[in-house]
Each structure stands twice: as C-alpha cells, then as structure tokens.
>>> print(open('structure-v6.cif').read())   # mmCIF, C-alpha atoms (C1' of nucleotides)
data_protein
loop_
_atom_site.label_atom_id
_atom_site.label_comp_id
_atom_site.auth_asym_id
_atom_site.auth_seq_id
_atom_site.Cartn_x
_atom_site.Cartn_y
_atom_site.Cartn_z
CA MET A 239 138.51 102.04 97.41
CA PRO A 240 139.16 103.35 93.93
CA ALA A 241 138.53 100.94 91.09
CA TYR A 242 140.89 100.24 88.23
CA TRP A 243 140.24 100.31 84.50
CA LEU A 244 141.95 100.02 81.16
CA PHE A 245 141.39 102.43 78.26
CA LYS A 246 142.35 101.33 74.81
CA SER A 247 143.25 103.72 72.06
CA GLU A 248 144.57 103.44 68.56
CA PRO A 249 147.58 105.83 68.60
CA ASN A 250 146.75 107.06 65.09
CA THR A 251 143.40 108.23 66.44
CA TRP A 252 144.35 109.44 69.92
CA SER A 253 147.81 108.83 71.35
CA TRP A 254 149.27 108.99 74.82
CA ASP A 255 151.47 111.91 73.71
CA GLN A 256 148.37 113.85 72.75
CA HIS A 257 146.74 113.03 76.06
CA VAL A 258 149.85 114.12 78.00
CA ALA A 259 149.87 117.40 76.06
CA ALA A 260 146.19 117.91 76.86
CA GLY A 261 146.58 117.02 80.54
CA THR A 262 142.89 116.22 80.87
CA ALA A 263 140.83 114.98 77.94
CA GLU A 264 137.36 113.70 77.14
CA TRP A 265 137.14 109.99 76.43
CA ASP A 266 134.60 110.39 73.65
CA GLY A 267 133.72 108.14 70.75
CA VAL A 268 132.81 105.00 72.69
CA ARG A 269 130.01 103.22 70.84
CA ASN A 270 129.84 99.92 72.63
CA HIS A 271 127.41 99.20 75.43
CA GLN A 272 129.77 97.13 77.55
CA ALA A 273 132.38 99.86 77.41
CA LYS A 274 129.71 102.44 78.16
CA ASN A 275 128.53 100.52 81.22
CA HIS A 276 132.06 100.43 82.56
CA MET A 277 132.30 104.20 82.17
CA ILE A 278 128.99 104.65 83.99
CA ALA A 279 130.44 102.66 86.90
CA MET A 280 133.50 104.91 87.21
CA LYS A 281 133.97 107.26 90.11
CA ARG A 282 136.10 110.37 90.30
CA GLY A 283 139.58 109.34 91.35
CA ASP A 284 139.43 105.84 89.82
CA GLN A 285 142.62 105.02 87.99
CA GLY A 286 143.16 103.55 84.57
CA MET A 287 145.87 102.16 82.34
CA PHE A 288 146.23 103.78 78.94
CA TYR A 289 146.80 101.09 76.33
CA HIS A 290 147.93 101.63 72.75
CA SER A 291 146.38 99.15 70.32
CA GLY A 292 147.47 98.63 66.73
CA LYS A 293 151.22 98.72 66.07
CA ASP A 294 152.18 99.59 69.64
CA LYS A 295 150.25 97.04 71.74
CA GLN A 296 151.44 98.20 75.14
CA VAL A 297 150.33 99.94 78.30
CA VAL A 298 152.02 103.34 78.21
CA GLY A 299 150.57 105.45 80.98
CA VAL A 300 148.32 105.94 83.97
CA VAL A 301 145.25 108.18 84.03
CA ARG A 302 142.68 109.16 86.61
CA VAL A 303 138.95 109.75 86.19
CA ALA A 304 138.54 113.52 86.52
CA LYS A 305 134.85 113.72 85.60
CA THR A 306 132.23 111.01 85.80
CA TYR A 307 129.95 109.90 82.97
CA TYR A 308 128.15 112.58 81.00
CA PRO A 309 126.66 112.79 77.49
CA ASP A 310 129.04 112.50 74.54
CA PRO A 311 128.25 115.39 72.17
CA THR A 312 129.77 113.46 69.25
CA ASP A 313 127.00 110.85 69.57
CA LYS A 314 124.01 112.09 67.62
CA THR A 315 121.77 109.32 68.96
CA GLY A 316 122.28 110.48 72.54
CA LYS A 317 122.79 106.91 73.71
CA PHE A 318 126.44 107.16 74.61
CA GLY A 319 128.42 109.23 77.06
CA MET A 320 132.00 109.72 78.14
CA VAL A 321 134.26 110.52 81.09
CA ASP A 322 137.18 112.92 81.44
CA LEU A 323 140.61 111.41 82.03
CA GLU A 324 143.50 113.24 83.61
CA VAL A 325 147.12 112.22 83.08
CA VAL A 326 148.81 110.79 86.17
CA ARG A 327 152.14 109.59 84.79
CA THR A 328 153.96 107.98 81.91
CA LEU A 329 155.30 104.49 82.55
CA LYS A 330 159.09 104.35 82.69
CA SER A 331 159.01 101.16 80.75
CA PRO A 332 155.78 100.36 78.87
CA VAL A 333 154.27 96.93 79.45
CA THR A 334 153.67 95.11 76.20
CA LEU A 335 150.79 92.82 75.36
CA ALA A 336 153.36 90.05 74.84
CA GLN A 337 154.65 90.54 78.41
CA ILE A 338 151.12 90.46 79.77
CA LYS A 339 150.31 87.29 77.84
CA ALA A 340 153.53 85.71 79.09
CA GLU A 341 152.58 86.33 82.74
CA PRO A 342 150.40 83.48 84.03
CA ARG A 343 148.86 85.61 86.78
CA LEU A 344 147.49 87.93 84.10
CA SER A 345 145.87 85.25 81.97
CA ASP A 346 142.38 86.31 83.11
CA MET A 347 142.81 89.94 82.21
CA VAL A 348 140.03 91.24 79.97
CA LEU A 349 142.75 92.54 77.67
CA VAL A 350 143.72 88.93 77.00
CA ARG A 351 140.23 87.41 77.10
CA ASN A 352 138.21 90.02 75.24
CA THR A 353 140.67 91.79 72.98
CA ARG A 354 138.11 93.99 71.30
CA LEU A 355 136.61 95.68 74.35
CA SER A 356 137.86 99.28 74.45
CA VAL A 357 137.09 100.11 78.09
CA GLN A 358 137.72 97.35 80.59
CA PRO A 359 137.79 96.72 84.32
CA VAL A 360 141.13 95.69 85.85
CA GLU A 361 141.42 93.68 89.06
CA PRO A 362 143.49 95.31 91.85
CA ALA A 363 145.88 92.33 91.78
CA GLU A 364 146.29 92.68 88.00
CA TRP A 365 146.86 96.40 88.37
CA LYS A 366 149.68 95.81 90.87
CA ILE A 367 151.37 93.21 88.70
CA VAL A 368 151.28 95.29 85.53
CA LEU A 369 152.58 98.41 87.24
CA ALA A 370 155.33 96.39 88.91
CA MET A 371 156.35 95.23 85.43
CA ALA A 372 156.56 98.88 84.38
CA LYS A 373 159.15 99.46 87.16
"C1'" DG B 5 146.77 91.86 54.40
"C1'" DC B 6 144.26 88.31 56.63
"C1'" DC B 7 140.97 86.65 59.61
"C1'" DA B 8 138.69 85.65 64.18
"C1'" DA B 9 135.65 87.65 67.37
"C1'" DC B 10 131.85 90.05 68.09
"C1'" DG B 11 128.41 93.79 67.70
"C1'" DT B 12 124.74 95.59 64.73
"C1'" DT B 13 121.41 95.60 61.13
"C1'" DG B 14 117.60 94.15 58.56
"C1'" DG B 15 114.65 90.62 56.36
"C1'" DC B 16 111.44 87.37 57.49
"C1'" DG C 264 112.19 87.61 68.00
"C1'" DC C 265 115.44 84.94 65.27
"C1'" DC C 266 119.40 84.70 62.62
"C1'" DA C 267 122.18 85.55 58.40
"C1'" DA C 268 124.82 89.10 56.46
"C1'" DC C 269 127.72 92.61 57.14
"C1'" DG C 270 131.04 95.93 59.31
"C1'" DT C 271 134.63 96.92 62.62
"C1'" DT C 272 138.30 96.04 65.76
"C1'" DG C 273 142.64 94.52 66.61
"C1'" DG C 274 146.14 90.75 66.91
"C1'" DC C 275 149.02 88.18 64.03
#
>>> encode(input="structure-v6.cif", output="structure tokens")
Amino acid sequence: MPAYWLFKSEPNTWSWDQHVAAGTAEWDGVRNHQAKNHMIAMKRGDQGMFYHSGKDKQVVGVVRVAKTYYPDPTDKTGKFGMVDLEVVRTLKSPVTLAQIKAEPRLSDMVLVRNTRLSVQPVEPAEWKIVLAMAK
DNA sequence: GCCAACGTTGGC
DNA sequence: GCCAACGTTGGC
C-alpha cells in the first residue's frame, strides 16, 4: 500500500512548471523536523500532491517518490535530508485551498489544520476526494 | 501589509 | 531546562 503525502512550495521559489520541466527533482531545503520525519517515512512509489502556497494556494499536480530519504547537500549542519520527486501528472483542474476548506470531509486535512507544515501526510480518503475534485 | 501560528534561539 | 524574544511561513 503506497502512502500519500502533500508537498508545499512557494511558486516563486520552486514552481510546478519548473518541476514538470525537470521531470524528477530533489526536494531539498526542508528545515523542519516534522517535515523531515515525514520524508524519512516515505517509500519509493508513494504519491504526493504538489501544492502551491502564496498567491496560488492550490493543488496543481501529482508526484511520486523516486528516491527515498538521503542527505541534503544544501544543509551545512547535516541534520536534514531530502527525497527525489518524479512528476506523474498535472491536474486538469487545480483544487484550491478554498475548495478544500469548503469540503466538510476534508476539514481534518493537515493542510487545513497545520497550514505552515511544508511536507504533510494525506489520508487515502482525503487523497481520493481531492483528486475527484480535480476531475 | 498585517498578523497568527509556530519553530528556534539564547539568557538565566 | 524554562521561557521570552525573535524570525519565518503563509493565509487573509
């Protein structure tokens, strides 16, 4: 059973378009222990939603874990690592934060409850609902 | 541009 | 080891 995740990115820093162009990219720069622990728990083949924070505030694509947790060379302290994420597909119609907040069955999503966490687990039921909303 | 939430730092 | 001060994230 693959697990599901959500990866948050500020499009000015790293956008979905950039990730699509790259195909597979390192998810570096995470400096939060909760987010780090989620990445440690990831297995190859796990899927994730790619969420744009900031002006966009919507889920725009689906990615897959292509490489499990390994050290992040951009972290000089050596405490943090990263995973590699491969593009699966772009959502036909992005699912906005407003739509997610308006859906009662998604009221427990970490995205709603803990807005600042950049890497989050997603429940299988939540995953299904969000992707159904994306058509 | 503001501010709430929350993580981190540093003084004691 | 506690906690106040501070910085950052991210929604509004």
>>> residues_around(input="structure-v6.cif", residues="region 264-280 of chain A", least_positions_apart="5", cutoff="9 Å", atoms="all atoms listed in the file", output="list in words")
Pro240, Ala241, Tyr242, Trp243, Phe245, Val303, Lys305, Thr306, Tyr307, Tyr308, Asp310, Pro311, Thr312, Asp313, Lys317, Phe318, Gly319, Met320, Val321, Asp322, Leu323, Glu324, Leu355, Ser356, Val357, Gln358 and Pro359 of chain A; DG11 of chain B
>>> closest_atom_pairs(input="structure-v6.cif", of="chain A", to="chain C", cutoff="8 Å", atoms="all atoms listed in the file", output="tab-separated table")
residue	atom	partner	partner_atom	distance
A:Ser291	CA	C:DG273	C1'	7.0
A:Gly292	CA	C:DG273	C1'	6.3
A:Thr353	CA	C:DG273	C1'	7.2
A:Arg354	CA	C:DT272	C1'	5.9
>>> write_last_selection(input="structure-v6.cif", atoms="C-alpha atoms", output="PDB file, keeping the file's coordinate frame")
ATOM      1  CA  SER A 291     146.380  99.150  70.320  1.00  0.00           C
ATOM      2  CA  GLY A 292     147.470  98.630  66.730  1.00  0.00           C
ATOM      3  CA  THR A 353     140.670  91.790  72.980  1.00  0.00           C
ATOM      4  CA  ARG A 354     138.110  93.990  71.300  1.00  0.00           C
TER       5      ARG A 354
END
>>> atom_distance(input="structure-v6.cif", atom1="CA of Met371 (chain A)", atom2="CA of Ser331 (chain A)")
8.0 Å
>>> resolve_selection(input="structure-v6.cif", expression="the PyMOL selection byres ((chain A and resi 344) around 12)", output="count of residues only")
26
>>> atom_distance(input="structure-v6.cif", atom1="CA of Val258 (chain A)", atom2="CA of Gly316 (chain A)")
28.3 Å
>>> atom_distance(input="structure-v6.cif", atom1="CA of Thr315 (chain A)", atom2="CA of Ser253 (chain A)")
26.2 Å
>>> residues_around(input="structure-v6.cif", residues="Asp294 (chain A)", least_positions_apart="5", cutoff="9 Å", atoms="all atoms listed in the file", output="list in words")
Glu248, Pro249, Tyr289, Thr334 and Leu335 of chain A
>>> residues_near_point(input="structure-v6.cif", point="(157.7, 101.6, 87.7)", cutoff="12 Å", atoms="all atoms listed in the file", output="NGL selection string")
:A and (298-300 or 327-333 or 366-373)
